[in-house]
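With TSV, C-alpha atoms and all ligand atoms inside, this is entry_1.tsv:
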```tsv
chain	number	residue	atom	x	y	z
A	8	MET	CA	26.81	-10.63	-12.10
A	9	SER	CA	23.50	-12.03	-10.93
A	10	ASN	CA	22.93	-9.75	-7.96
A	11	PRO	CA	24.56	-6.37	-8.73
A	12	PHE	CA	22.50	-4.34	-6.24
A	13	GLY	CA	23.17	-6.53	-3.25
A	14	THR	CA	19.52	-7.41	-2.68
A	15	ILE	CA	18.57	-10.71	-1.10
A	16	PRO	CA	17.84	-13.24	-3.86
A	17	SER	CA	14.41	-14.89	-3.93
A	18	GLU	CA	16.05	-18.30	-3.54
A	19	ALA	CA	17.59	-17.27	-0.20
A	20	ILE	CA	14.17	-16.17	1.03
A	21	LEU	CA	12.52	-19.41	-0.05
A	22	GLU	CA	15.28	-21.53	1.47
A	23	GLY	CA	15.03	-19.78	4.84
A	24	ASP	CA	18.43	-18.11	4.64
A	25	ALA	CA	16.83	-14.64	4.80
A	26	THR	CA	16.63	-14.99	8.55
A	27	ASP	CA	17.99	-13.64	11.80
A	28	ALA	CA	21.04	-15.47	13.10
A	29	TYR	CA	19.38	-16.48	16.35
A	30	PHE	CA	17.00	-18.73	14.42
A	31	GLU	CA	19.98	-20.62	13.02
A	32	ARG	CA	21.31	-21.01	16.56
A	33	THR	CA	17.88	-22.14	17.70
A	34	ARG	CA	17.90	-24.83	15.01
A	35	ALA	CA	21.36	-26.01	16.02
A	36	THR	CA	20.36	-26.12	19.69
A	37	LEU	CA	17.05	-27.94	19.17
A	38	GLU	CA	18.62	-30.47	16.81
A	39	HIS	CA	21.42	-31.01	19.33
A	40	ALA	CA	18.83	-31.62	22.06
A	41	GLY	CA	16.62	-33.78	19.83
A	42	LYS	CA	13.66	-31.41	20.20
A	43	ASN	CA	11.19	-30.27	17.56
A	44	PRO	CA	7.89	-29.61	19.35
A	45	HIS	CA	4.55	-29.36	17.62
A	46	VAL	CA	3.46	-25.74	18.05
A	47	VAL	CA	0.84	-23.22	17.08
A	48	ALA	CA	2.22	-19.73	16.48
A	49	GLU	CA	0.27	-16.55	15.73
A	50	VAL	CA	1.17	-13.29	13.99
A	51	THR	CA	-0.25	-10.36	15.93
A	52	ALA	CA	0.27	-6.62	16.15
A	53	ASP	CA	-1.99	-5.73	19.09
A	54	GLN	CA	-3.22	-8.42	21.46
A	55	PHE	CA	-6.62	-6.83	22.07
A	56	PRO	CA	-8.66	-4.70	19.63
A	57	THR	CA	-7.61	-1.05	19.75
A	58	GLY	CA	-10.26	0.63	17.60
A	59	GLU	CA	-7.47	1.75	15.23
A	60	PHE	CA	-7.85	-0.41	12.10
A	61	GLU	CA	-5.12	-1.35	9.66
A	62	VAL	CA	-5.10	-3.18	6.31
A	63	PHE	CA	-3.76	-6.73	6.13
A	64	THR	CA	-1.81	-7.69	3.02
A	65	GLY	CA	1.32	-9.58	1.95
A	66	VAL	CA	-0.46	-12.88	2.52
A	67	LYS	CA	0.11	-14.09	-1.06
A	68	ASP	CA	3.88	-13.88	-0.54
A	69	VAL	CA	3.56	-15.72	2.76
A	70	ALA	CA	1.71	-18.54	1.01
A	71	THR	CA	4.51	-18.75	-1.56
A	72	LEU	CA	7.12	-18.78	1.20
A	73	PHE	CA	5.46	-21.73	2.95
A	74	GLU	CA	4.62	-23.81	-0.11
A	75	GLY	CA	6.05	-27.28	0.37
A	76	ARG	CA	6.57	-26.86	4.13
A	77	ALA	CA	4.78	-29.36	6.37
A	78	VAL	CA	2.58	-26.80	8.13
A	79	ASP	CA	-1.02	-25.63	8.16
A	80	ILE	CA	-1.68	-21.88	7.98
A	81	ASP	CA	-4.85	-19.87	8.45
A	82	ALA	CA	-4.91	-16.15	7.78
A	83	LEU	CA	-7.16	-13.19	7.24
A	84	PRO	CA	-8.11	-12.64	3.60
A	85	ASP	CA	-5.99	-10.21	1.60
A	86	GLY	CA	-7.24	-6.66	2.17
A	87	GLN	CA	-9.16	-7.41	5.39
A	88	LEU	CA	-8.94	-4.79	8.13
A	89	PHE	CA	-8.01	-5.63	11.71
A	90	ASP	CA	-7.37	-3.79	14.95
A	91	GLY	CA	-6.09	-6.57	17.17
A	92	GLY	CA	-5.66	-10.31	17.60
A	93	PRO	CA	-4.00	-12.78	15.24
A	94	VAL	CA	-3.93	-12.08	11.51
A	95	LEU	CA	-2.25	-15.40	10.71
A	96	ARG	CA	-1.74	-18.72	12.50
A	97	ILE	CA	0.80	-21.48	11.75
A	98	GLU	CA	0.61	-25.02	13.10
A	99	GLY	CA	3.32	-27.61	12.67
A	100	PRO	CA	6.71	-28.82	13.92
A	101	TYR	CA	8.59	-25.69	15.06
A	102	LEU	CA	11.74	-26.38	13.05
A	103	GLU	CA	9.62	-26.57	9.90
A	104	PHE	CA	9.22	-22.79	10.00
A	105	ALA	CA	11.49	-21.27	12.66
A	106	ALA	CA	13.91	-19.82	10.10
A	107	LEU	CA	11.06	-18.34	8.03
A	108	GLU	CA	9.83	-15.97	10.76
A	109	THR	CA	11.99	-13.03	9.66
A	110	SER	CA	10.83	-13.12	6.04
A	111	LEU	CA	7.26	-13.93	7.01
A	112	LEU	CA	7.01	-10.79	9.15
A	113	GLY	CA	8.71	-8.67	6.50
A	114	PHE	CA	6.27	-9.85	3.83
A	115	LEU	CA	3.38	-8.68	6.00
A	116	SER	CA	4.63	-5.67	7.94
A	117	GLN	CA	5.75	-3.20	5.29
A	118	PRO	CA	3.09	-3.89	2.63
A	119	SER	CA	0.34	-3.70	5.27
A	120	GLY	CA	1.75	-0.32	6.32
A	121	PHE	CA	1.77	0.90	2.70
A	122	ALA	CA	-1.80	-0.33	2.15
A	123	THR	CA	-3.07	1.31	5.34
A	124	ALA	CA	-1.57	4.67	4.33
A	125	ALA	CA	-2.90	4.26	0.79
A	126	LEU	CA	-6.38	3.63	2.19
A	127	GLU	CA	-6.12	6.88	4.15
A	128	ALA	CA	-5.33	8.71	0.90
A	129	ARG	CA	-8.09	6.90	-0.97
A	130	LEU	CA	-10.77	7.77	1.56
A	131	ALA	CA	-9.61	11.38	1.81
A	132	ALA	CA	-11.02	11.93	-1.70
A	133	PRO	CA	-13.37	9.06	-2.56
A	134	GLU	CA	-14.70	10.75	-5.71
A	135	SER	CA	-11.34	11.92	-7.11
A	136	LEU	CA	-8.64	10.28	-9.16
A	137	VAL	CA	-5.86	9.28	-6.74
A	138	LEU	CA	-2.60	7.90	-8.14
A	139	SER	CA	0.49	6.41	-6.50
A	140	PHE	CA	3.63	8.41	-7.34
A	141	GLY	CA	5.97	7.27	-4.57
A	142	ALA	CA	7.95	4.39	-6.07
A	143	ARG	CA	10.95	6.73	-6.29
A	144	HIS	CA	11.15	6.81	-2.49
A	145	VAL	CA	11.78	3.07	-2.04
A	146	HIS	CA	14.36	0.57	-3.22
A	147	PRO	CA	13.41	-0.29	-6.81
A	148	SER	CA	13.26	-3.98	-5.96
A	149	ILE	CA	10.08	-3.35	-3.95
A	150	ALA	CA	8.37	-0.84	-6.25
A	151	ALA	CA	5.72	-3.39	-7.23
A	152	THR	CA	5.01	-3.98	-3.53
A	153	VAL	CA	4.20	-0.28	-3.13
A	154	GLU	CA	2.06	-0.13	-6.25
A	155	ARG	CA	0.21	-3.34	-5.39
A	156	ALA	CA	-0.59	-2.00	-1.92
A	157	ALA	CA	-1.88	1.21	-3.52
A	158	LEU	CA	-4.18	-0.69	-5.87
A	159	LEU	CA	-5.31	-2.95	-3.04
A	160	ALA	CA	-6.44	0.13	-1.13
A	161	GLY	CA	-8.41	1.36	-4.13
A	162	LEU	CA	-6.07	3.90	-5.73
A	163	ASP	CA	-6.81	4.41	-9.40
A	164	GLY	CA	-3.33	3.86	-10.79
A	165	PHE	CA	0.41	4.21	-10.31
A	166	SER	CA	3.50	5.49	-12.05
A	167	HIS	CA	6.11	2.69	-11.95
A	168	VAL	CA	6.62	0.97	-15.29
A	169	ALA	CA	8.28	-2.28	-14.13
A	170	ALA	CA	5.75	-2.60	-11.31
A	171	GLY	CA	3.09	-2.40	-13.98
A	172	GLU	CA	4.66	-5.30	-15.82
A	173	THR	CA	4.77	-7.33	-12.60
A	174	LEU	CA	1.17	-6.48	-11.75
A	175	GLY	CA	-0.23	-6.75	-15.26
A	176	ARG	CA	-1.41	-3.13	-15.19
A	177	GLU	CA	-0.05	-0.29	-17.28
A	178	ALA	CA	1.69	2.53	-15.46
A	179	GLY	CA	0.38	6.06	-15.95
A	180	GLY	CA	2.04	9.46	-16.07
A	181	THR	CA	2.71	12.40	-18.31
A	182	MET	CA	5.72	14.70	-17.90
A	183	PRO	CA	8.36	15.65	-15.31
A	184	HIS	CA	9.92	19.08	-14.78
A	185	ALA	CA	13.00	17.73	-16.56
A	186	LEU	CA	11.06	17.77	-19.82
A	187	MET	CA	10.12	21.41	-19.28
A	188	PHE	CA	13.76	22.31	-18.59
A	189	CYS	CA	14.85	20.67	-21.83
A	190	PHE	CA	12.74	23.19	-23.77
A	191	GLY	CA	13.47	26.09	-21.41
A	192	GLU	CA	11.70	29.08	-19.92
A	193	GLY	CA	9.52	30.84	-22.43
A	194	HIS	CA	9.23	27.67	-24.49
A	195	GLN	CA	6.71	25.76	-22.37
A	196	ASP	CA	4.30	25.77	-25.32
A	197	GLU	CA	6.91	23.95	-27.42
A	198	ALA	CA	7.32	21.29	-24.74
A	199	TRP	CA	3.59	20.64	-24.50
A	200	THR	CA	3.15	20.64	-28.28
A	201	ALA	CA	6.04	18.21	-28.79
A	202	PHE	CA	4.62	15.98	-26.07
A	203	ASP	CA	1.22	16.04	-27.73
A	204	GLU	CA	2.79	15.05	-31.04
A	205	ALA	CA	5.11	12.40	-29.61
A	206	VAL	CA	3.09	10.22	-27.25
A	207	GLY	CA	0.33	7.75	-27.98
A	208	ALA	CA	-3.29	8.79	-28.28
A	209	ASP	CA	-4.15	6.88	-25.11
A	210	VAL	CA	-1.87	9.08	-22.95
A	211	PRO	CA	-3.81	11.88	-21.27
A	212	ARG	CA	-2.56	15.34	-22.14
A	213	ILE	CA	-1.80	16.68	-18.67
A	214	ALA	CA	0.49	19.72	-18.87
A	215	LEU	CA	2.86	20.40	-15.98
A	216	VAL	CA	2.26	24.09	-15.23
A	217	ASP	CA	4.33	25.13	-12.22
A	218	THR	CA	7.87	25.11	-13.65
A	219	PHE	CA	8.83	28.71	-14.51
A	220	TRP	CA	5.88	31.09	-14.18
A	221	ASP	CA	2.89	31.27	-11.94
A	222	GLU	CA	0.44	28.39	-12.15
A	223	LYS	CA	-2.34	30.49	-13.65
A	224	SER	CA	-0.18	31.90	-16.45
A	225	GLU	CA	1.19	28.50	-17.43
A	226	SER	CA	-2.25	26.86	-17.20
A	227	LEU	CA	-3.78	29.41	-19.56
A	228	LEU	CA	-0.82	29.07	-21.93
A	229	ALA	CA	-1.25	25.28	-21.94
A	230	ALA	CA	-4.96	25.63	-22.68
A	231	GLU	CA	-4.32	28.11	-25.49
A	232	THR	CA	-1.52	25.92	-26.89
A	233	LEU	CA	-3.26	22.54	-26.94
A	234	GLY	CA	-6.87	23.71	-27.13
A	235	ASP	CA	-9.33	20.84	-27.02
A	236	ASP	CA	-6.47	18.31	-26.84
A	237	LEU	CA	-5.60	19.40	-23.31
A	238	ASP	CA	-7.10	17.04	-20.73
A	239	GLY	CA	-5.71	18.71	-17.65
A	240	VAL	CA	-2.96	20.58	-15.90
A	241	ARG	CA	-0.76	19.32	-13.07
A	242	ILE	CA	0.30	21.68	-10.32
A	243	ASP	CA	3.21	20.43	-8.22
A	244	THR	CA	4.14	23.76	-6.61
A	245	THR	CA	6.99	23.16	-4.22
A	246	GLY	CA	6.20	23.67	-0.53
A	247	SER	CA	8.33	26.79	-0.13
A	248	ARG	CA	6.36	28.54	-2.90
A	249	ARG	CA	2.97	27.09	-2.16
A	250	GLY	CA	1.37	29.70	0.08
A	251	ASP	CA	-2.36	29.01	0.00
A	252	PHE	CA	-2.47	25.98	-2.31
A	253	ARG	CA	-6.26	25.81	-2.23
A	254	HIS	CA	-6.47	29.44	-3.32
A	255	ILE	CA	-3.96	28.86	-6.13
A	256	ILE	CA	-6.04	25.96	-7.44
A	257	ARG	CA	-9.29	27.93	-7.21
A	258	GLU	CA	-7.66	30.82	-9.03
A	259	VAL	CA	-6.45	28.51	-11.83
A	260	ARG	CA	-9.93	26.97	-12.06
A	261	TRP	CA	-11.55	30.38	-12.20
A	262	ASP	CA	-9.38	31.66	-14.98
A	263	LEU	CA	-9.61	28.47	-17.04
A	264	ASP	CA	-13.40	28.60	-16.72
A	265	ALA	CA	-13.48	32.31	-17.56
A	266	ARG	CA	-11.85	31.54	-20.90
A	267	GLY	CA	-14.07	28.57	-21.69
A	268	TYR	CA	-11.74	25.78	-20.57
A	269	GLU	CA	-14.17	24.18	-18.13
A	270	ASP	CA	-13.23	20.68	-19.34
A	271	VAL	CA	-9.57	21.04	-18.35
A	272	ASP	CA	-9.03	19.09	-15.11
A	273	ILE	CA	-6.65	20.16	-12.36
A	274	PHE	CA	-4.33	17.59	-10.81
A	275	CYS	CA	-2.11	18.19	-7.79
A	276	SER	CA	0.96	16.46	-6.43
A	277	GLY	CA	3.88	17.01	-4.10
A	278	GLY	CA	3.88	16.18	-0.41
A	279	LEU	CA	0.15	15.55	-0.23
A	280	THR	CA	-1.34	13.98	2.90
A	281	PRO	CA	-4.88	12.84	3.67
A	282	GLU	CA	-5.40	16.17	5.44
A	283	THR	CA	-4.31	18.29	2.48
A	284	ILE	CA	-6.22	16.07	0.06
A	285	ARG	CA	-9.40	16.63	2.12
A	286	GLU	CA	-8.82	20.37	1.96
A	287	LEU	CA	-8.43	20.29	-1.82
A	288	ARG	CA	-10.84	17.59	-2.94
A	289	ASP	CA	-13.66	19.94	-3.90
A	290	VAL	CA	-11.41	22.19	-6.01
A	291	ALA	CA	-9.01	19.70	-7.63
A	292	ASP	CA	-9.90	16.73	-9.82
A	293	GLY	CA	-7.07	14.36	-8.96
A	294	PHE	CA	-4.08	13.77	-6.75
A	295	GLY	CA	-0.67	12.11	-7.02
A	296	VAL	CA	0.43	10.73	-3.66
A	297	GLY	CA	3.91	9.45	-2.92
A	298	SER	CA	5.61	9.88	0.41
A	299	HIS	CA	2.45	9.57	2.48
A	300	ILE	CA	2.33	5.95	1.33
A	301	THR	CA	6.02	5.12	1.16
A	302	ASP	CA	6.80	6.77	4.51
A	303	ALA	CA	4.17	4.65	6.25
A	304	ASP	CA	5.26	2.93	9.43
A	305	SER	CA	5.51	-0.84	9.04
A	306	ILE	CA	2.88	-2.65	11.07
A	307	ASP	CA	4.59	-3.97	14.18
A	308	PHE	CA	3.74	-7.63	13.67
A	309	SER	CA	5.38	-10.34	15.74
A	310	LEU	CA	5.15	-14.13	15.63
A	311	ASP	CA	4.58	-15.83	18.96
A	312	ILE	CA	4.15	-19.45	19.93
A	313	VAL	CA	0.80	-19.68	21.75
A	314	GLU	CA	0.49	-23.46	22.13
A	315	ILE	CA	3.19	-26.12	22.50
A	316	GLU	CA	2.42	-29.85	22.38
A	317	GLY	CA	-1.26	-29.00	22.89
A	318	GLU	CA	-0.73	-26.77	25.95
A	319	PRO	CA	-1.27	-22.99	25.96
A	320	ILE	CA	1.88	-20.91	26.48
A	321	SER	CA	2.96	-17.30	26.03
A	322	LYS	CA	5.59	-14.81	27.13
A	323	ARG	CA	4.62	-12.10	29.59
A	324	GLY	CA	2.46	-9.47	27.92
A	325	LYS	CA	1.14	-11.85	25.27
A	326	LEU	CA	-2.00	-14.01	25.30
A	327	SER	CA	-1.65	-17.79	25.38
A	328	GLY	CA	-3.82	-20.28	23.53
A	329	VAL	CA	-5.03	-20.66	19.95
A	330	LYS	CA	-7.29	-17.76	19.05
A	331	ASP	CA	-9.87	-16.82	16.51
A	332	VAL	CA	-10.92	-13.37	15.37
A	333	SER	CA	-14.40	-12.53	14.22
A	334	ARG	CA	-16.34	-9.61	12.89
A	335	THR	CA	-19.82	-8.70	14.10
A	336	PRO	CA	-22.39	-6.82	11.99
A	337	ASP	CA	-21.70	-3.63	13.97
A	338	GLY	CA	-18.11	-3.66	12.64
A	339	GLY	CA	-16.64	-4.96	15.89
A	340	HIS	CA	-13.44	-7.00	15.68
A	341	HIS	CA	-13.36	-9.65	18.41
A	342	VAL	CA	-10.60	-11.91	19.71
A	343	THR	CA	-11.59	-15.16	21.42
A	344	LEU	CA	-10.08	-18.53	22.23
A	345	ALA	CA	-10.62	-20.76	19.21
A	346	ASP	CA	-12.24	-23.55	21.22
A	347	ARG	CA	-14.83	-21.24	22.79
A	348	ASP	CA	-17.93	-19.68	21.29
A	349	GLY	CA	-17.27	-16.37	19.55
A	350	PRO	CA	-19.65	-13.42	19.75
A	351	THR	CA	-23.24	-13.94	18.62
A	352	GLU	CA	-23.53	-13.20	14.87
A	353	GLY	CA	-19.73	-13.03	14.64
A	354	GLU	CA	-18.15	-14.16	11.38
A	355	SER	CA	-14.82	-15.93	11.79
A	356	LEU	CA	-12.12	-14.22	9.71
A	357	LEU	CA	-9.16	-16.62	9.74
A	358	GLU	CA	-9.38	-18.77	6.62
A	359	PRO	CA	-7.24	-21.68	5.36
A	360	LEU	CA	-4.16	-20.53	3.42
A	361	VAL	CA	-1.83	-23.56	3.45
A	362	ARG	CA	-2.61	-27.19	4.26
A	363	ASP	CA	0.37	-29.49	4.69
A	364	GLY	CA	2.45	-27.30	2.40
A	365	GLU	CA	-0.17	-26.85	-0.29
A	366	ILE	CA	-1.56	-23.39	-1.04
A	367	VAL	CA	-5.33	-23.73	-0.75
A	368	ARG	CA	-6.37	-20.18	-1.53
A	369	GLU	CA	-6.58	-18.19	-4.76
A	370	PHE	CA	-5.63	-14.54	-4.96
A	371	ASP	CA	-7.29	-11.85	-6.97
A	372	LEU	CA	-6.28	-8.23	-6.48
A	373	ALA	CA	-9.61	-6.82	-7.63
A	374	ASP	CA	-11.44	-9.00	-5.09
A	375	ALA	CA	-9.02	-7.89	-2.38
A	376	THR	CA	-9.63	-4.23	-3.26
A	377	GLU	CA	-13.37	-4.73	-3.07
A	378	ARG	CA	-12.97	-6.44	0.31
A	379	CYS	CA	-10.70	-3.70	1.62
A	380	LEU	CA	-13.04	-0.86	0.68
A	381	ALA	CA	-16.15	-2.68	1.93
A	382	ASP	CA	-14.43	-3.58	5.18
A	383	ALA	CA	-13.20	0.00	5.63
A	384	GLU	CA	-16.81	1.11	5.49
A	385	ALA	CA	-17.97	-1.71	7.79
A	386	VAL	CA	-15.50	-0.84	10.54
A	387	GLY	CA	-15.70	2.93	10.02
A	388	PHE	CA	-12.01	3.23	9.05
A	389	ASP	CA	-11.06	6.76	10.03
A	390	HIS	CA	-7.45	7.66	10.55
A	401	LIG	C1	5.99	14.76	-7.91
A	401	LIG	C2	6.41	15.41	-6.60
A	401	LIG	C3	7.02	14.33	-5.76
A	401	LIG	C4	6.56	13.03	-6.35
A	401	LIG	C5	5.61	13.40	-7.42
A	401	LIG	C6	5.96	12.11	-5.34
A	401	LIG	O1	6.98	14.63	-8.83
A	401	LIG	O2	7.28	16.46	-6.82
A	401	LIG	O3	8.40	14.39	-5.73
A	401	LIG	O4	5.07	12.81	-4.51
A	401	LIG	P1	5.29	12.98	-2.94
A	401	LIG	O5	5.83	14.37	-2.71
A	401	LIG	O6	3.91	12.83	-2.37
A	401	LIG	O7	6.23	11.95	-2.51
A	401	LIG	P2	7.26	15.47	-10.15
A	401	LIG	O8	6.64	16.78	-10.15
A	401	LIG	O9	6.95	14.63	-11.30
A	401	LIG	O10	8.80	15.54	-9.92
A	401	LIG	P3	9.97	16.22	-10.74
A	401	LIG	O11	10.17	17.55	-10.07
A	401	LIG	O12	11.08	15.27	-10.55
A	401	LIG	O13	9.52	16.39	-12.13
```
Would you encode the structure as structure tokens?
Amino acid sequence: MSNPFGTIPSEAILEGDATDAYFERTRATLEHAGKNPHVVAEVTADQFPTGEFEVFTGVKDVATLFEGRAVDIDALPDGQLFDGGPVLRIEGPYLEFAALETSLLGFLSQPSGFATAALEARLAAPESLVLSFGARHVHPSIAATVERAALLAGLDGFSHVAAGETLGREAGGTMPHALMFCFGEGHQDEAWTAFDEAVGADVPRIALVDTFWDEKSESLLAAETLGDDLDGVRIDTTGSRRGDFRHIIREVRWDLDARGYEDVDIFCSGGLTPETIRELRDVADGFGVGSHITDADSIDFSLDIVEIEGEPISKRGKLSGVKDVSRTPDGGHHVTLADRDGPTEGESLLEPLVRDGEIVREFDLADATERCLADAEAVGFDH
């Protein structure tokens, strides 16, 4: 069985079969009528800048989707922020790409949502270790999409093993509650000792300390058990038992310090949001973030024809004509008609991606991360 989980095969996406039925009917109708107009179409979320910036990504997959198609595409660079206007523009015969619209939008919308939420988490604790733990909340076939978006937004690492193989980065992680259960209440020290003996030297010794007893008791037991080998403790106290999480963490810190364990770091996880991370960032050393990223709303991108046979056109509520977007030194994001002058000192942001079916851009995740974080600062990203 080649497709046991019922996911859409890559070949179907590349061939344009991963589409909405009305595009197939459009093809049949246009071919019947002998029409295939030359168009320019733009991908846009908001027509005018809103002041609410989001992260653009997924563009590498779009390039792959369009390789070999007789179109030209310009797009924002991977990791660029935007708050309105086109993020991508396609020019060519309409039937060359009509059936690809559905997959094109999917490649951009969900990953850009993940990356925007990940950036919120990143900037909530710029000095702390922030890891992506949310792969368990999505279909496993897109786990690498989540983890890539997290890295793009500057997170320090992620937990999903197969995503790591796809991305060429090793997954991180220490122990789940299941491991603690396997040793049982009163035997936490045996679990941590066995872990210390079993795993490679490169794995940080982070003891999970919220399973059976209070966080302070288990943290001190972990420190006494592993001594200098203990790198940190992880507190994942469930919401119903959390009370004042900040106070719990401060209490654990106090008692570890009081017994000479100042070098033991405290990591937190479980339902964290940018707000809770901000409240904890001065008392905890690191955070594992899952659902804040994976629950992110997809960016509401749509693809609209804006020029047909050289003439501007649009539906009601959309802006006709080929556009450009530019960034001014004050962080402003501007939308103008492409054949008019943009703002003084504005830097045009739409760059060649595909030329007559050939991918003309290289992709580097580290570069995209650098761009994303620099651009977040330039535009004053603040969600
Ligand atoms: C952590 C936490 C969440 C996971 C991480 C994702 O798991 O309990 O379920 O974080 P999120 O709440 O931000 O989505 P573990 O403590 O490792 O889970 P388990 O209880 O399965 O060991």
Emit as lines of an AutoDock Vina configuration file the padded axis-aligned box for all listed atoms of range 196-215 of chain A, 4 Å per side, with centre and edge lengths in Å to one decimal.
```
center_x = 1.6
center_y = 16.3
center_z = -23.5
size_x = 19.5
size_y = 26.9
size_z = 23.1
```
Closest atom pairs, residues of chain A within 6 Å of ligand LIG 401 (chain A), only C-alpha atoms and all ligand atoms, as a Markdown table:
```
| residue | atom | partner | partner_atom | distance |
| --- | --- | --- | --- | --- |
| A:Phe140 | CA | A:LIG401 | C6 | 4.8 |
| A:Gly141 | CA | A:LIG401 | C6 | 4.9 |
| A:Pro183 | CA | A:LIG401 | O13 | 3.5 |
| A:His184 | CA | A:LIG401 | O13 | 3.8 |
| A:Ala185 | CA | A:LIG401 | O13 | 5.8 |
| A:Asp243 | CA | A:LIG401 | O8 | 5.4 |
| A:Ser276 | CA | A:LIG401 | C1 | 5.5 |
| A:Gly277 | CA | A:LIG401 | O5 | 3.6 |
| A:Gly278 | CA | A:LIG401 | O5 | 3.5 |
| A:Leu279 | CA | A:LIG401 | O6 | 5.1 |
| A:Val296 | CA | A:LIG401 | O6 | 4.3 |
| A:Gly297 | CA | A:LIG401 | O6 | 3.4 |
| A:Ser298 | CA | A:LIG401 | O7 | 3.6 |
```
**Prompt:** If you count only C-alpha atoms, which residues fall within 10 Å of Ala142 in chain A, apart from same-chain ones fewer than 2 positions away, as JSON, numbers by chain?
**Reply:** {"A": [139, 140, 144, 145, 146, 147, 148, 149, 150, 151, 152, 153, 154, 165, 166, 167, 168, 170, 297, 298, 300, 301]}
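Minimum distance to Ile213 in chain A across A:Val313, A:Leu263, A:Leu186, A:Ile273 (counting all atoms listed in the file) occurs at A:Ile273.
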**Item:** Shell around Leu102 in chain A at 9 Å using only C-alpha atoms, local window under 2 positions removed, as a ChimeraX atom specification
**Value:** /A:33-34,37-38,42-44,99-100,104-106
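Surrounding residues of (2.4, -26.2, -4.3) at most 6 Å away are A:Glu74, A:Glu365, A:Ile366 (based on only C-alpha atoms).
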Please produce an output containing C-alpha atoms for each residue in the selection, written as a PDB file, in the frame of the given file.
```
ATOM      1  CA  GLU A  74       4.620 -23.810  -0.110  1.00  0.00           C
ATOM      2  CA  GLU A 365      -0.170 -26.850  -0.290  1.00  0.00           C
ATOM      3  CA  ILE A 366      -1.560 -23.390  -1.040  1.00  0.00           C
TER       4      ILE A 366
END
```
